[in-house]
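Data from coords39.pdb: PDB, C-alpha atoms
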ATOM      1  CA  ALA A   1     -37.827   8.726 119.786
ATOM      2  CA  LYS A   2     -36.865  12.324 120.477
ATOM      3  CA  ASP A   3     -39.319  12.563 123.397
ATOM      4  CA  GLU A   4     -38.080   9.253 124.793
ATOM      5  CA  ALA A   5     -34.456  10.427 124.636
ATOM      6  CA  GLU A   6     -35.371  13.637 126.456
ATOM      7  CA  ARG A   7     -37.300  11.738 129.148
ATOM      8  CA  GLY A   8     -34.316   9.457 129.664
ATOM      9  CA  ARG A   9     -31.914  12.405 129.500
ATOM     10  CA  LEU A  10     -30.014  10.630 126.729
ATOM     11  CA  PRO A  11     -27.543  12.749 124.744
ATOM     12  CA  ILE A  12     -29.046  11.860 121.346
ATOM     13  CA  ASP A  13     -29.238  14.414 118.554
ATOM     14  CA  TYR A  14     -31.944  13.412 116.056
ATOM     15  CA  ARG A  15     -31.885  15.056 112.633
ATOM     16  CA  LEU A  16     -34.090  14.758 109.568
ATOM     17  CA  HIS A  17     -32.064  14.872 106.328
ATOM     18  CA  ASP A  18     -31.655  13.135 103.002
ATOM     19  CA  ILE A  19     -28.902  10.655 103.843
ATOM     20  CA  ARG A  20     -27.354  11.118 100.400
ATOM     21  CA  THR A  21     -26.682  14.826 100.934
ATOM     22  CA  ALA A  22     -26.528  15.215 104.717
ATOM     23  CA  ASP A  23     -23.280  16.081 106.454
ATOM     24  CA  PHE A  24     -22.220  13.336 108.835
ATOM     25  CA  PRO A  25     -20.537  14.580 112.026
ATOM     26  CA  GLY A  26     -17.076  13.094 112.644
ATOM     27  CA  GLU A  27     -15.632  10.789 115.300
ATOM     28  CA  GLN A  28     -18.687   8.546 115.684
ATOM     29  CA  ASP A  29     -18.352   5.192 117.425
ATOM     30  CA  LEU A  30     -21.221   3.620 115.494
ATOM     31  CA  VAL A  31     -23.102   4.264 112.272
ATOM     32  CA  MET A  32     -26.239   2.153 111.685
ATOM     33  CA  LEU A  33     -28.401   1.693 108.636
ATOM     34  CA  ILE A  34     -31.125  -0.846 109.392
ATOM     35  CA  TYR A  35     -34.387  -2.319 108.024
ATOM     36  CA  GLY A  36     -32.819  -2.887 104.579
ATOM     37  CA  GLU A  37     -32.647   0.825 103.831
ATOM     38  CA  LEU A  38     -29.282   0.489 102.063
ATOM     39  CA  ASN A  39     -31.093  -1.597  99.430
ATOM     40  CA  VAL A  40     -33.354   1.301  98.397
ATOM     41  CA  PHE A  41     -30.391   3.232  96.990
ATOM     42  CA  SER A  42     -28.695   2.753  93.634
ATOM     43  CA  PRO A  43     -25.224   1.183  93.885
ATOM     44  CA  ALA A  44     -23.621   4.599  93.239
ATOM     45  CA  ASP A  45     -25.681   6.271  95.990
ATOM     46  CA  ALA A  46     -25.062   3.347  98.363
ATOM     47  CA  GLU A  47     -21.310   3.645  97.819
ATOM     48  CA  CYS A  48     -21.461   7.402  98.450
ATOM     49  CA  ILE A  49     -23.438   6.887 101.681
ATOM     50  CA  LEU A  50     -21.006   4.216 102.877
ATOM     51  CA  CYS A  51     -17.988   6.411 102.054
ATOM     52  CA  LYS A  52     -19.500   9.225 104.116
ATOM     53  CA  ALA A  53     -20.190   6.789 106.949
ATOM     54  CA  GLN A  54     -16.601   5.531 106.847
ATOM     55  CA  GLU A  55     -15.217   9.069 106.933
ATOM     56  CA  CYS A  56     -17.244  10.066 109.999
ATOM     57  CA  LEU A  57     -16.277   7.061 112.111
ATOM     58  CA  ALA A  58     -13.707   7.269 114.887
ATOM     59  CA  ASP A  59     -10.665   5.050 114.349
ATOM     60  CA  SER A  60     -12.258   2.263 116.373
ATOM     61  CA  GLY A  61     -15.760   2.984 115.030
ATOM     62  CA  GLN A  62     -17.991   0.404 113.423
ATOM     63  CA  LEU A  63     -20.668   0.304 110.752
ATOM     64  CA  LEU A  64     -23.735  -1.842 111.380
ATOM     65  CA  LEU A  65     -25.898  -2.658 108.362
ATOM     66  CA  GLU A  66     -29.124  -4.636 108.362
ATOM     67  CA  VAL A  67     -29.571  -5.490 104.690
ATOM     68  CA  HIS A  68     -31.861  -7.649 102.611
ATOM     69  CA  ALA A  69     -30.542 -11.184 102.249
ATOM     70  CA  HIS A  70     -29.562 -12.162  98.718
ATOM     71  CA  GLY A  71     -32.591 -13.434  96.799
ATOM     72  CA  VAL A  72     -35.211 -11.499  98.771
ATOM     73  CA  ILE A  73     -35.319  -8.564  96.326
ATOM     74  CA  PRO A  74     -36.108 -10.710  93.236
ATOM     75  CA  ARG A  75     -39.007 -12.215  95.202
ATOM     76  CA  LEU A  76     -40.305  -8.703  95.950
ATOM     77  CA  GLY A  77     -40.127  -7.818  92.271
ATOM     78  CA  GLN A  78     -42.048 -10.912  91.226
ATOM     79  CA  GLU A  79     -44.967 -10.566  93.627
ATOM     80  CA  PRO A  80     -48.356 -10.730  91.893
ATOM     81  CA  ARG A  81     -50.480  -7.642  91.366
ATOM     82  CA  THR A  82     -52.844  -7.027  94.216
ATOM     83  CA  TRP A  83     -55.098  -4.428  95.771
ATOM     84  CA  TYR A  84     -56.782  -3.622  99.046
ATOM     85  CA  THR A  85     -59.065  -1.049 100.621
ATOM     86  CA  SER A  86     -58.338   0.815 103.835
ATOM     87  CA  SER A  87     -60.085   3.387 105.992
ATOM     88  CA  ARG A  88     -56.650   4.953 106.633
ATOM     89  CA  GLY A  89     -53.034   3.880 106.594
ATOM     90  CA  LEU A  90     -49.558   4.460 105.260
ATOM     91  CA  TRP A  91     -50.705   5.988 101.979
ATOM     92  CA  SER A  92     -53.617   8.123 103.159
ATOM     93  CA  ASP A  93     -55.367   9.310 106.311
ATOM     94  CA  SER A  94     -58.741   8.875 104.607
ATOM     95  CA  PRO A  95     -60.504   5.896 102.968
ATOM     96  CA  HIS A  96     -58.693   4.698  99.840
ATOM     97  CA  ILE A  97     -57.980   1.838  97.485
ATOM     98  CA  CYS A  98     -54.377   0.798  96.920
ATOM     99  CA  LEU A  99     -53.401  -0.992  93.708
ATOM    100  CA  LYS A 100     -49.947  -2.593  93.847
ATOM    101  CA  GLU A 101     -47.754  -3.970  91.062
ATOM    102  CA  SER A 102     -44.154  -5.146  91.147
ATOM    103  CA  PHE A 103     -41.424  -5.616  88.552
ATOM    104  CA  TRP A 104     -38.065  -7.419  88.537
ATOM    105  CA  ASP A 105     -35.202  -6.193  86.310
ATOM    106  CA  ALA A 106     -32.714  -9.076  86.189
ATOM    107  CA  ASP A 107     -30.105  -7.067  84.266
ATOM    108  CA  ARG A 108     -29.951  -4.376  86.952
ATOM    109  CA  GLN A 109     -30.797  -6.700  89.857
ATOM    110  CA  THR A 110     -33.515  -4.259  90.877
ATOM    111  CA  ALA A 111     -37.121  -4.649  91.995
ATOM    112  CA  THR A 112     -39.636  -1.840  91.712
ATOM    113  CA  THR A 113     -43.039  -1.728  93.369
ATOM    114  CA  ARG A 114     -45.616   0.846  92.328
ATOM    115  CA  TYR A 115     -48.579   1.860  94.477
ATOM    116  CA  PHE A 116     -51.579   3.573  92.883
ATOM    117  CA  VAL A 117     -53.582   5.116  95.711
ATOM    118  CA  VAL A 118     -57.147   6.103  94.822
ATOM    119  CA  ASP A 119     -58.987   8.413  97.223
ATOM    120  CA  ALA A 120     -62.383   6.806  97.903
ATOM    121  CA  ALA A 121     -64.229  10.146  98.131
ATOM    122  CA  THR A 122     -62.743  12.035  95.188
ATOM    123  CA  GLY A 123     -61.286   9.384  92.896
ATOM    124  CA  ASP A 124     -58.002  11.301  92.804
ATOM    125  CA  THR A 125     -55.099   8.960  92.170
ATOM    126  CA  ARG A 126     -51.548   9.289  93.445
ATOM    127  CA  LEU A 127     -48.589   7.148  92.383
ATOM    128  CA  SER A 128     -45.782   6.174  94.748
ATOM    129  CA  SER A 129     -43.018   3.730  94.039
ATOM    130  CA  ALA A 130     -40.100   2.046  95.740
ATOM    131  CA  SER A 131     -37.061   0.375  94.206
ATOM    132  CA  TYR A 132     -34.701  -2.102  95.834
ATOM    133  CA  GLN A 133     -31.203  -3.206  94.793
ATOM    134  CA  ASP A 134     -30.238  -6.852  95.243
ATOM    135  CA  TYR A 135     -26.676  -7.740  96.271
ATOM    136  CA  SER A 136     -24.960 -11.077  96.694
ATOM    137  CA  ASP A 137     -22.726 -11.585  99.718
ATOM    138  CA  ASP A 138     -19.750 -10.800  97.486
ATOM    139  CA  GLY A 139     -21.605  -7.723  96.223
ATOM    140  CA  TYR A 140     -22.012  -6.366  99.745
ATOM    141  CA  GLY A 141     -18.362  -7.138 100.465
ATOM    142  CA  SER A 142     -17.200  -5.366  97.320
ATOM    143  CA  LEU A 143     -19.376  -2.328  98.041
ATOM    144  CA  LEU A 144     -18.002  -2.066 101.572
ATOM    145  CA  ALA A 145     -14.379  -2.550 100.477
ATOM    146  CA  LYS A 146     -14.735   0.172  97.813
ATOM    147  CA  SER A 147     -16.127   2.430 100.538
ATOM    148  CA  GLY A 148     -13.139   1.964 102.829
ATOM    149  CA  PHE A 149     -14.275  -0.794 105.187
ATOM    150  CA  ARG A 150     -12.513  -3.962 106.309
ATOM    151  CA  SER A 151     -12.906  -6.681 108.897
ATOM    152  CA  MET A 152     -16.478  -7.506 107.987
ATOM    153  CA  ALA A 153     -18.549  -9.969 109.990
ATOM    154  CA  ALA A 154     -21.989 -11.266 109.022
ATOM    155  CA  TYR A 155     -24.796 -12.314 111.354
ATOM    156  CA  PRO A 156     -28.246 -13.791 110.686
ATOM    157  CA  SER A 157     -30.028 -11.007 112.629
ATOM    158  CA  LEU A 158     -29.557  -8.043 114.934
ATOM    159  CA  ARG A 159     -29.806 -10.499 117.821
ATOM    160  CA  GLY A 160     -26.875 -12.490 116.402
ATOM    161  CA  ALA A 161     -28.899 -15.688 115.995
ATOM    162  CA  MET A 162     -31.487 -16.774 113.447
ATOM    163  CA  ASP A 163     -34.721 -14.867 113.988
ATOM    164  CA  ASP A 164     -37.713 -16.057 111.950
ATOM    165  CA  ARG A 165     -39.379 -12.657 112.305
ATOM    166  CA  HIS A 166     -36.492 -11.079 110.379
ATOM    167  CA  LYS A 167     -35.466 -13.955 108.093
ATOM    168  CA  ASP A 168     -35.325 -11.704 105.018
ATOM    169  CA  PHE A 169     -32.543  -9.620 106.561
ATOM    170  CA  ARG A 170     -28.949 -10.184 107.618
ATOM    171  CA  VAL A 171     -26.532  -8.023 109.532
ATOM    172  CA  ILE A 172     -23.068  -6.905 108.508
ATOM    173  CA  VAL A 173     -20.642  -5.228 110.902
ATOM    174  CA  ALA A 174     -17.559  -3.576 109.406
ATOM    175  CA  LYS A 175     -14.667  -1.466 110.624
ATOM    176  CA  ARG A 176     -12.775   1.363 108.988
ATOM    177  CA  ALA A 177      -9.875   0.342 106.782
TER     178      ALA A 177
END

Would you give me this structure, written as C-alpha cells?
Amino acid sequence: AKDEAERGRLPIDYRLHDIRTADFPGEQDLVMLIYGELNVFSPADAECILCKAQECLADSGQLLLEVHAHGVIPRLGQEPRTWYTSSRGLWSDSPHICLKESFWDADRQTATTRYFVVDAATGDTRLSSASYQDYSDDGYGSLLAKSGFRSMAAYPSLRGAMDDRHKDFRVIVAKRA
C-alpha cells in the first residue's frame, strides 16, 4: 500500500501502531475500521478506540465501520474442531499442521478461536488465539453514542447494497456529536 501510494503520488501517511495506544492526528475527514476489526476488541477497548476516533475527526468528519453482523460471532464460536496441513501459510512459512478449536461464551457474547500450530519438522507447537465480541444493532448504537457519535446510518456492505461475498459484515457510518 505504501509503495502504491508513492507511485501514485498520494499524500498518505501509513503508520504501524497498536490502535488502542496510538495517537490519532486531529482534523481528519474520515476514520475507517474495516473487516470486522472492531469486534476483536473488548467493549471497553472498543469504546476507547471510538472515543479517540471521534476526537480526531474534523467537525464534518465521519466514521466508517465495517463490523460483523449480529449473530455471526456466535456461529464462529460454535464451529467444530478441525485441522489441516499446509506447506506454508498464515501461521508458518514452513510445513505445519494447524489444529483449530472454537468456543462461545454466551454470558460475555464472545467467541474465541485457538490455533495450535505444529511445525512438521521439529514438532514444536505454538498457540495463537483470536477473540471476537458480538453486538446487536442496539449494542453498536449504544457503543457509538457513548463514544460521542450521532447520525448513524447502516448499510449492508461497503458497496451500499447486499453483497453475498461480504454477507457476514455490515457497514455503519456515523458523525461526530

Hey, which of A:His68, A:Phe24, A:Ile49, A:Lys2 ends up closest to Asp168 in chain A? Count only C-alpha atoms.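 For Asp168 in chain A, the nearest of the candidates is A:His68.
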
Counting only C-alpha atoms, the option among A:His70, A:Asp124, A:Val117, A:Ser87 closest to Ser136 in chain A: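 Of A:His70, A:Asp124, A:Val117, A:Ser87, the one nearest Ser136 in chain A, counting only C-alpha atoms, is A:His70.
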
Around the point (-17.2, 7.2, 109.2) in the file's coordinates, collect all residues with an atom within 8 Å, using all atoms listed in the file, and return them as a PyMOL selection string. chain A and resi 24+26-28+31+50-58+61+63+176

Just say which residues the PyMOL selection byres ((chain A and resi 139) around 12) picks in this file, as number ranges by chain. A: 39, 43, 46-47, 67, 69-70, 109, 133-138, 140-146

In Å, how far is it from CA of Thr110 in chain A to CA of Ser42 in chain A? 8.9 Å

For the file shown, report as a ChimeraX atom specification the outcome of the PyMOL selection byres ((chain A and resi 163-166) around 12) at residue level. /A:34-36,66-69,72,155-162,167-171

At what distance in Å, to one decimal, does CA of Ala153 in chain A lie from CA of Ala106 in chain A?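 CA of Ala153 in chain A lies 27.7 Å from CA of Ala106 in chain A.
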
Nearby residues (all atoms listed in the file) at most 12 Å from Ala120 in chain A, same-chain spacing under 5 positions excluded, as JSON, numbers by chain: {"A": [84, 85, 86, 87, 88, 92, 93, 94, 95, 96, 97, 98, 125, 126]}

Take every atom of range 110-125 of chain A listed in the file, pad by 5 Å on each side, and give me the axis-aligned box centre and edge lengths in Å, one decimal, as JSON.
{"center_x": -48.9, "center_y": 3.7, "center_z": 94.5, "size_x": 40.7, "size_y": 26.7, "size_z": 17.3}

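Comparing A:Arg7, A:Lys175, A:Arg81, A:Lys100 by their smallest distance to Phe116 in chain A, the closest is A:Lys100 (using all atoms listed in the file).
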
Only N, CA and C atoms, please: range 23-39 of chain A from the block, as a compact mmCIF listing (two decimals), in the first residue's frame.
# COMPACT_ATOMS: atom_id res chain seq x y z
N ASP A 23 -1.54 7.53 19.05
CA ASP A 23 -2.10 8.87 18.98
C ASP A 23 -2.74 9.05 17.61
N PHE A 24 -3.95 9.56 17.60
CA PHE A 24 -4.64 9.81 16.34
C PHE A 24 -4.47 11.29 16.00
N PRO A 25 -3.97 11.62 14.82
CA PRO A 25 -3.84 13.03 14.45
C PRO A 25 -5.22 13.67 14.28
N GLY A 26 -5.33 14.95 14.60
CA GLY A 26 -6.62 15.64 14.57
C GLY A 26 -7.05 16.12 13.20
N GLU A 27 -8.31 16.56 13.13
CA GLU A 27 -8.91 17.17 11.95
C GLU A 27 -8.98 16.24 10.74
N GLN A 28 -9.30 14.98 10.98
CA GLN A 28 -9.44 14.02 9.88
C GLN A 28 -10.85 14.08 9.31
N ASP A 29 -10.96 13.89 8.02
CA ASP A 29 -12.28 13.86 7.37
C ASP A 29 -12.94 12.50 7.49
N LEU A 30 -12.12 11.45 7.61
CA LEU A 30 -12.65 10.09 7.65
C LEU A 30 -11.75 9.21 8.51
N VAL A 31 -12.39 8.42 9.36
CA VAL A 31 -11.71 7.36 10.10
C VAL A 31 -12.42 6.07 9.73
N MET A 32 -11.65 5.05 9.31
CA MET A 32 -12.23 3.76 8.91
C MET A 32 -11.65 2.65 9.77
N LEU A 33 -12.52 1.73 10.12
CA LEU A 33 -12.11 0.48 10.76
C LEU A 33 -12.93 -0.59 10.08
N ILE A 34 -12.28 -1.42 9.25
CA ILE A 34 -12.99 -2.34 8.38
C ILE A 34 -12.61 -3.79 8.67
N TYR A 35 -13.22 -4.71 7.94
CA TYR A 35 -13.01 -6.16 8.05
C TYR A 35 -13.37 -6.70 9.44
N GLY A 36 -14.29 -6.06 10.14
CA GLY A 36 -14.73 -6.56 11.45
C GLY A 36 -13.71 -6.39 12.56
N GLU A 37 -12.72 -5.56 12.35
CA GLU A 37 -11.66 -5.42 13.36
C GLU A 37 -12.16 -4.86 14.68
N LEU A 38 -13.21 -4.04 14.67
CA LEU A 38 -13.74 -3.52 15.93
C LEU A 38 -14.17 -4.67 16.84
N ASN A 39 -14.64 -5.76 16.24
CA ASN A 39 -15.15 -6.90 17.01
C ASN A 39 -14.06 -7.68 17.74
